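Some notes on the structure that comes next.
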Amino acid sequence: MADGTLPRVSSYPPSSPAQPTTLRQRLAGLRGPAVPPRPLDARALAALAANPGCGRRALLDGAGVDKTALATALGSPASFGQSQFAIVRGNSFEAKVKGDGGAELLRLVHAHLAPAAEPPGAGARVPDLTAAGPEGRAARTALALREATSAKDWTLLDHPMLALEVAGSPAYLEPDAVVVHPDGRWTVVEIKSFPMIDGAADAAKVGAAARQAAVYVLALERTAGKLPGAEVGHTVLLVCPKDFSNLPTAAPVDIRRERSVTRRQLDRLTRVEELAAALPEGLSFDPATRTAEELVEAVSAVDAAYAPECLAACELAFHCRDRARSADQVTALGRSVRGELGALTTVEAALAAAAGAGCGEDPTAAALHRAARLRAEALDLAAVRPPHPSPETPACPC
């Protein structure tokens with residue numbers, strides 16, 4: 001320095017600017033740093049696509065939060081799911097269908113979806129898809145699909161792993177089977193344990209299977225787009241027990257409508273980073289480190305879109321239903337009612353409109369008031385009208 005003294009040097013290293021928190025770290029903090037992420041499956045994605053306006057489910061699923069444990073900690077445990085007996089029966093039936101190198105399964109695919117092609121022989125390919133982790137299995141599946149398409153032979157992929165990005169978060173999906181035809185077409189096979197009686201199965205269960213298969217088709221299309229000659233079929237094969245036996249039978253299911261709806265709904269989902277960025281720092285959904293009151297506050301920080309259909313698809317449905325009822329929201333009455341009432345978002349507002357409040361400003365309120373008047377007039381008319389005389393009971397001829 002100018003006076004001949006040496007500048008003072010700090011013994012501490014210079015402080016570096018704070019590193020920004022990555023999305024992976026942010027999501028780990030939401031579910032708990034010691035909690036492994038719960039992977040998304042096709043069933044969860046189908047339910048998520050059916051209710052794309054629910055930011056709560058999108059965030060929790062994207063962060064890998066265990067919603068079953070969270071619902072239990074909130075005091076509203078989910079009471080749905082497959083019984084252990086149904087799981088064992090389903091696994092036994094799937095093993096029977098895929099036995100002997102998948103000969104029966106390939107026969108069903110050939111008979112229902114490609115009768116003009118050369119039937120699969122005893123040497124049909126069943127590649128090994130084992131690899132480390134879901135990323136490794138997805139890469140191994142993509143390689144097996146490429147090899148099977150080039151080989152132009154019947155190939156059965158048993159429990160392949162598919163990757164699909166949902167709301168900015170990767171999801172790894174595992175269909176029951178994918179069959180590659182000699183012409184390069186890929187077919188998703190869904191194996192279910194519910195019966196197919198006289199060639200028809202329960203319509204609600206078939207619809208749920210179709211929505212689930214549509215997610216697999218969307219994931220396969222991402223891989224097929226990179227392979228020349230590959231094509232994903234929009235008709236999946238549903239394999240079920242025949243009548244009341246354990247013998248497999250099958251039926252083709254066209255899932256073009258379900259695919260279009262699912263793709264549109266998944267594209268509408270708010271990205272996970274946008275939802276996470278709107279939350280306060282330190283918020284967590286970890287039941288091991290948070291009290292029930294803190295968990296209620298954390299869950300309430302994310303907007304939900306409850307509907308009665310959620311009771312059959314979401315672990316948090318009972319908690320969301322209680323909150324919707326306590327807030328007097330019309331969503332607790334169903335999406336159709338919510339859509340009909342428009343700006344009337346609470347039951348109290350709807351009852352007030354029926355009584356005549358706001359009829360001049362809101363056409364929905366005016367229509368509701370008119371419907372209430374017509375109902376009251378009908379009840380008054382029924383009260384003053386004498387009842388119809390009952391016919392006399394004929395005398396017993398004996």
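Residues in the structure tokens are named by chain (A, B, ... in the order shown) and by number from 1 within that chain; ligands are numbered from 1 in the order shown.
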*Residues of range 92-257 of chain A in helix (DSSP H, G or I) according to DSSP, as a ChimeraX atom specification?*
/A:92-97,99-113,133-151,203-224,256-257
*Find the residues around range 366-369 of chain A up to 9 Å (only C-alpha atoms counted), leave out those fewer than 3 positions away in its own chain, and share them as a list in words.*
Leu341, Ala350, Leu351, Ala352, Ala353, Ala354, Ala355, Gly356, Ala357, Gly358, Cys359, Gly360, Glu361, Asp362, Pro363, Ala372, Arg373 and Leu374 of chain A
Next, write the just-selected residues to a file, as a compact mmCIF listing (two decimals), in the first residue's frame, keeping all heavy atoms as the atom set.
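again-v9.txt, freshly written:
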# COMPACT_ATOMS: atom_id res chain seq x y z
N LEU A 341 -74.03 -24.12 -12.48
CA LEU A 341 -74.23 -22.97 -11.61
C LEU A 341 -73.33 -21.79 -11.96
O LEU A 341 -73.54 -20.70 -11.42
CB LEU A 341 -74.01 -23.38 -10.15
CG LEU A 341 -75.07 -24.33 -9.57
CD1 LEU A 341 -74.75 -24.69 -8.13
CD2 LEU A 341 -76.45 -23.72 -9.66
N ALA A 350 -76.12 -20.35 -4.12
CA ALA A 350 -77.12 -20.98 -4.99
C ALA A 350 -78.51 -20.90 -4.34
O ALA A 350 -79.52 -20.63 -5.01
CB ALA A 350 -76.74 -22.43 -5.26
N LEU A 351 -78.59 -21.15 -3.03
CA LEU A 351 -79.87 -21.06 -2.33
C LEU A 351 -80.39 -19.62 -2.32
O LEU A 351 -81.60 -19.39 -2.44
CB LEU A 351 -79.72 -21.59 -0.91
CG LEU A 351 -79.43 -23.10 -0.79
CD1 LEU A 351 -79.22 -23.48 0.68
CD2 LEU A 351 -80.56 -23.92 -1.39
N ALA A 352 -79.48 -18.66 -2.17
CA ALA A 352 -79.90 -17.26 -2.18
C ALA A 352 -80.45 -16.88 -3.56
O ALA A 352 -81.45 -16.16 -3.68
CB ALA A 352 -78.73 -16.36 -1.80
N ALA A 353 -79.80 -17.39 -4.62
CA ALA A 353 -80.29 -17.11 -5.97
C ALA A 353 -81.65 -17.74 -6.19
O ALA A 353 -82.54 -17.15 -6.83
CB ALA A 353 -79.28 -17.64 -7.00
N ALA A 354 -81.87 -18.93 -5.65
CA ALA A 354 -83.17 -19.58 -5.78
C ALA A 354 -84.26 -18.78 -5.06
O ALA A 354 -85.43 -18.79 -5.48
CB ALA A 354 -83.11 -21.00 -5.22
N ALA A 355 -83.83 -18.07 -4.01
CA ALA A 355 -84.80 -17.25 -3.27
C ALA A 355 -85.06 -15.91 -3.93
O ALA A 355 -85.94 -15.16 -3.47
CB ALA A 355 -84.31 -17.05 -1.83
N GLY A 356 -84.29 -15.58 -4.98
CA GLY A 356 -84.55 -14.34 -5.71
C GLY A 356 -83.44 -13.33 -5.66
O GLY A 356 -83.57 -12.25 -6.25
N ALA A 357 -82.30 -13.63 -5.00
CA ALA A 357 -81.21 -12.66 -4.92
C ALA A 357 -80.39 -12.70 -6.20
O ALA A 357 -80.01 -13.76 -6.69
CB ALA A 357 -80.32 -12.98 -3.72
N GLY A 358 -80.07 -11.54 -6.74
CA GLY A 358 -79.20 -11.42 -7.90
C GLY A 358 -79.80 -11.84 -9.22
O GLY A 358 -79.08 -12.11 -10.17
N CYS A 359 -81.12 -11.91 -9.31
CA CYS A 359 -81.75 -12.38 -10.55
C CYS A 359 -81.56 -11.39 -11.70
O CYS A 359 -81.53 -11.79 -12.86
CB CYS A 359 -83.24 -12.62 -10.31
SG CYS A 359 -83.55 -13.97 -9.15
N GLY A 360 -81.45 -10.11 -11.40
CA GLY A 360 -81.34 -9.12 -12.46
C GLY A 360 -79.97 -9.08 -13.10
O GLY A 360 -79.84 -8.67 -14.25
N GLU A 361 -78.92 -9.48 -12.35
CA GLU A 361 -77.57 -9.38 -12.88
C GLU A 361 -77.06 -10.69 -13.49
O GLU A 361 -76.31 -10.68 -14.47
CB GLU A 361 -76.60 -8.95 -11.77
CG GLU A 361 -76.93 -7.60 -11.13
CD GLU A 361 -77.99 -7.72 -10.05
OE1 GLU A 361 -78.31 -8.86 -9.68
OE2 GLU A 361 -78.50 -6.67 -9.62
N ASP A 362 -77.45 -11.81 -12.94
CA ASP A 362 -76.88 -13.10 -13.36
C ASP A 362 -77.98 -13.96 -13.99
O ASP A 362 -78.97 -14.29 -13.34
CB ASP A 362 -76.29 -13.81 -12.13
CG ASP A 362 -75.53 -15.07 -12.51
OD1 ASP A 362 -75.51 -15.43 -13.70
OD2 ASP A 362 -74.97 -15.70 -11.60
N PRO A 363 -77.83 -14.34 -15.26
CA PRO A 363 -78.86 -15.18 -15.88
C PRO A 363 -78.96 -16.55 -15.21
O PRO A 363 -80.03 -17.15 -15.19
CB PRO A 363 -78.39 -15.30 -17.34
CG PRO A 363 -76.95 -14.94 -17.33
CD PRO A 363 -76.78 -13.96 -16.22
N ALA A 372 -87.00 -22.64 -8.96
CA ALA A 372 -87.50 -22.76 -7.59
C ALA A 372 -88.97 -22.39 -7.51
O ALA A 372 -89.75 -23.03 -6.78
CB ALA A 372 -86.67 -21.87 -6.67
N ARG A 373 -89.39 -21.37 -8.29
CA ARG A 373 -90.80 -20.98 -8.29
C ARG A 373 -91.66 -22.09 -8.88
O ARG A 373 -92.74 -22.41 -8.35
CB ARG A 373 -90.99 -19.69 -9.11
CG ARG A 373 -90.48 -18.45 -8.43
CD ARG A 373 -91.15 -17.18 -8.98
NE ARG A 373 -91.60 -17.29 -10.36
CZ ARG A 373 -90.86 -16.96 -11.42
NH1 ARG A 373 -89.63 -16.52 -11.23
NH2 ARG A 373 -91.34 -17.06 -12.63
N LEU A 374 -91.22 -22.67 -9.98
CA LEU A 374 -91.98 -23.75 -10.61
C LEU A 374 -92.11 -24.95 -9.67
O LEU A 374 -93.16 -25.60 -9.60
CB LEU A 374 -91.31 -24.16 -11.92
CG LEU A 374 -91.34 -23.12 -13.05
CD1 LEU A 374 -90.53 -23.62 -14.24
CD2 LEU A 374 -92.77 -22.82 -13.46
With the cut-off set at 12 Å and counting only C-alpha atoms, tabulate each residue of range 211-284 of chain A with an atom at most that distance from an atom of range 132-143 of chain A, showing the nearest atom pair and its distance in Å to one decimal, ordered by chain and increasing number, as CSV.
residue,atom,partner,partner_atom,distance
A:Ala219,CA,A:Ala138,CA,10.8
A:Leu220,CA,A:Ala142,CA,9.2
A:Glu221,CA,A:Ala142,CA,11.4
A:Arg222,CA,A:Ala142,CA,10.2
A:Thr223,CA,A:Ala142,CA,6.8
A:Ala224,CA,A:Ala142,CA,9.0
A:Gly225,CA,A:Ala142,CA,11.5
A:Lys226,CA,A:Ala142,CA,10.0
A:Leu227,CA,A:Ala142,CA,9.7
A:Ala230,CA,A:Ala142,CA,11.8
Selection near Pro39 in chain A, 12 Å with only C-alpha atoms, sequence-local residues under 4 positions removed, as a PDB file with N, CA and C atoms, in the first residue's frame:
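So the final result, stored in around_31.pdb, reads:
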ATOM      1  N   ARG A  43     -52.086 -45.850 -13.994  1.00  0.00           N
ATOM      2  CA  ARG A  43     -53.356 -45.643 -13.310  1.00  0.00           C
ATOM      3  C   ARG A  43     -53.434 -44.228 -12.728  1.00  0.00           C
ATOM      4  N   ALA A  44     -52.322 -43.780 -12.115  1.00  0.00           N
ATOM      5  CA  ALA A  44     -52.296 -42.434 -11.547  1.00  0.00           C
ATOM      6  C   ALA A  44     -52.354 -41.372 -12.640  1.00  0.00           C
ATOM      7  N   LEU A  45     -51.664 -41.607 -13.755  1.00  0.00           N
ATOM      8  CA  LEU A  45     -51.694 -40.639 -14.848  1.00  0.00           C
ATOM      9  C   LEU A  45     -53.076 -40.539 -15.475  1.00  0.00           C
ATOM     10  N   LEU A  60     -48.333 -33.122  -5.965  1.00  0.00           N
ATOM     11  CA  LEU A  60     -47.982 -34.256  -5.112  1.00  0.00           C
ATOM     12  C   LEU A  60     -47.485 -35.438  -5.935  1.00  0.00           C
ATOM     13  N   ASP A  61     -48.140 -35.697  -7.072  1.00  0.00           N
ATOM     14  CA  ASP A  61     -47.680 -36.794  -7.925  1.00  0.00           C
ATOM     15  C   ASP A  61     -46.341 -36.451  -8.576  1.00  0.00           C
ATOM     16  N   GLY A  62     -46.171 -35.207  -8.987  1.00  0.00           N
ATOM     17  CA  GLY A  62     -44.907 -34.817  -9.605  1.00  0.00           C
ATOM     18  C   GLY A  62     -43.749 -34.863  -8.631  1.00  0.00           C
ATOM     19  N   ALA A  63     -44.017 -34.551  -7.362  1.00  0.00           N
ATOM     20  CA  ALA A  63     -42.965 -34.591  -6.344  1.00  0.00           C
ATOM     21  C   ALA A  63     -42.726 -35.996  -5.811  1.00  0.00           C
ATOM     22  N   GLY A  64     -43.592 -36.944  -6.169  1.00  0.00           N
ATOM     23  CA  GLY A  64     -43.424 -38.308  -5.677  1.00  0.00           C
ATOM     24  C   GLY A  64     -43.852 -38.490  -4.240  1.00  0.00           C
ATOM     25  N   VAL A  65     -44.796 -37.674  -3.765  1.00  0.00           N
ATOM     26  CA  VAL A  65     -45.279 -37.780  -2.382  1.00  0.00           C
ATOM     27  C   VAL A  65     -46.142 -39.026  -2.234  1.00  0.00           C
ATOM     28  N   ASP A  66     -45.977 -39.724  -1.134  1.00  0.00           N
ATOM     29  CA  ASP A  66     -46.807 -40.883  -0.825  1.00  0.00           C
ATOM     30  C   ASP A  66     -48.155 -40.374  -0.318  1.00  0.00           C
ATOM     31  N   LYS A  67     -49.145 -40.306  -1.194  1.00  0.00           N
ATOM     32  CA  LYS A  67     -50.437 -39.726  -0.818  1.00  0.00           C
ATOM     33  C   LYS A  67     -51.191 -40.609   0.170  1.00  0.00           C
ATOM     34  N   GLY A 133     -32.321 -49.889 -12.441  1.00  0.00           N
ATOM     35  CA  GLY A 133     -33.121 -48.691 -12.289  1.00  0.00           C
ATOM     36  C   GLY A 133     -34.115 -48.490 -13.413  1.00  0.00           C
ATOM     37  N   PRO A 134     -35.108 -47.606 -13.197  1.00  0.00           N
ATOM     38  CA  PRO A 134     -36.108 -47.358 -14.242  1.00  0.00           C
ATOM     39  C   PRO A 134     -35.515 -46.728 -15.500  1.00  0.00           C
ATOM     40  N   ALA A 163     -41.004 -44.428 -20.796  1.00  0.00           N
ATOM     41  CA  ALA A 163     -40.811 -43.120 -20.180  1.00  0.00           C
ATOM     42  C   ALA A 163     -41.736 -42.104 -20.830  1.00  0.00           C
ATOM     43  N   LEU A 164     -42.307 -41.231 -19.991  1.00  0.00           N
ATOM     44  CA  LEU A 164     -43.213 -40.182 -20.483  1.00  0.00           C
ATOM     45  C   LEU A 164     -43.070 -38.978 -19.569  1.00  0.00           C
ATOM     46  N   VAL A 166     -44.466 -35.769 -17.843  1.00  0.00           N
ATOM     47  CA  VAL A 166     -45.772 -35.264 -17.431  1.00  0.00           C
ATOM     48  C   VAL A 166     -45.562 -34.030 -16.564  1.00  0.00           C
ATOM     49  N   SER A 169     -42.151 -33.433 -15.269  1.00  0.00           N
ATOM     50  CA  SER A 169     -41.563 -34.462 -14.415  1.00  0.00           C
ATOM     51  C   SER A 169     -41.604 -35.797 -15.150  1.00  0.00           C
ATOM     52  N   PRO A 170     -40.508 -36.582 -15.140  1.00  0.00           N
ATOM     53  CA  PRO A 170     -40.515 -37.867 -15.857  1.00  0.00           C
ATOM     54  C   PRO A 170     -41.344 -38.907 -15.122  1.00  0.00           C
ATOM     55  N   ALA A 171     -42.075 -39.701 -15.875  1.00  0.00           N
ATOM     56  CA  ALA A 171     -42.856 -40.808 -15.324  1.00  0.00           C
ATOM     57  C   ALA A 171     -42.437 -42.078 -16.044  1.00  0.00           C
ATOM     58  N   TYR A 172     -42.267 -43.154 -15.288  1.00  0.00           N
ATOM     59  CA  TYR A 172     -41.877 -44.436 -15.859  1.00  0.00           C
ATOM     60  C   TYR A 172     -43.039 -45.407 -15.713  1.00  0.00           C
ATOM     61  N   LEU A 173     -43.460 -45.973 -16.830  1.00  0.00           N
ATOM     62  CA  LEU A 173     -44.679 -46.766 -16.904  1.00  0.00           C
ATOM     63  C   LEU A 173     -44.333 -48.187 -17.298  1.00  0.00           C
ATOM     64  N   GLU A 174     -45.111 -49.135 -16.770  1.00  0.00           N
ATOM     65  CA  GLU A 174     -44.837 -50.551 -17.007  1.00  0.00           C
ATOM     66  C   GLU A 174     -46.107 -51.274 -17.436  1.00  0.00           C
TER      67      GLU A 174
END
*Contact residues around Val217 in chain A with only C-alpha atoms at 8 Å, ignoring same-chain residues under 2 positions, as number ranges by chain*: A: 188, 213-215, 219-221, 232-234, 259
Which range 270-389 of chain A residues have any atom within 9 Å of an atom of range 71-92 of chain A, and for each, what is the nearest pair of atoms with distance in Å to one decimal, counting only C-alpha atoms, rows sorted by chain and number, as a Markdown table?
| residue | atom | partner | partner_atom | distance |
| --- | --- | --- | --- | --- |
| A:Pro287 | CA | A:Ala73 | CA | 6.2 |
| A:Thr291 | CA | A:Ala73 | CA | 8.2 |
| A:Ala292 | CA | A:Leu74 | CA | 5.6 |
| A:Glu293 | CA | A:Leu74 | CA | 8.1 |
| A:Leu295 | CA | A:Leu74 | CA | 6.8 |
| A:Val296 | CA | A:Leu74 | CA | 6.6 |
| A:Leu311 | CA | A:Phe80 | CA | 8.4 |
| A:Ala312 | CA | A:Phe80 | CA | 7.0 |
| A:Ala313 | CA | A:Phe80 | CA | 8.4 |
| A:Cys314 | CA | A:Ala78 | CA | 7.9 |
| A:Glu315 | CA | A:Ala78 | CA | 5.0 |
| A:Leu316 | CA | A:Ala71 | CA | 5.5 |
| A:Ala317 | CA | A:Ala78 | CA | 7.5 |
| A:Phe318 | CA | A:Ser76 | CA | 5.8 |
| A:His319 | CA | A:Ser76 | CA | 5.4 |
| A:Asp322 | CA | A:Ser76 | CA | 8.9 |
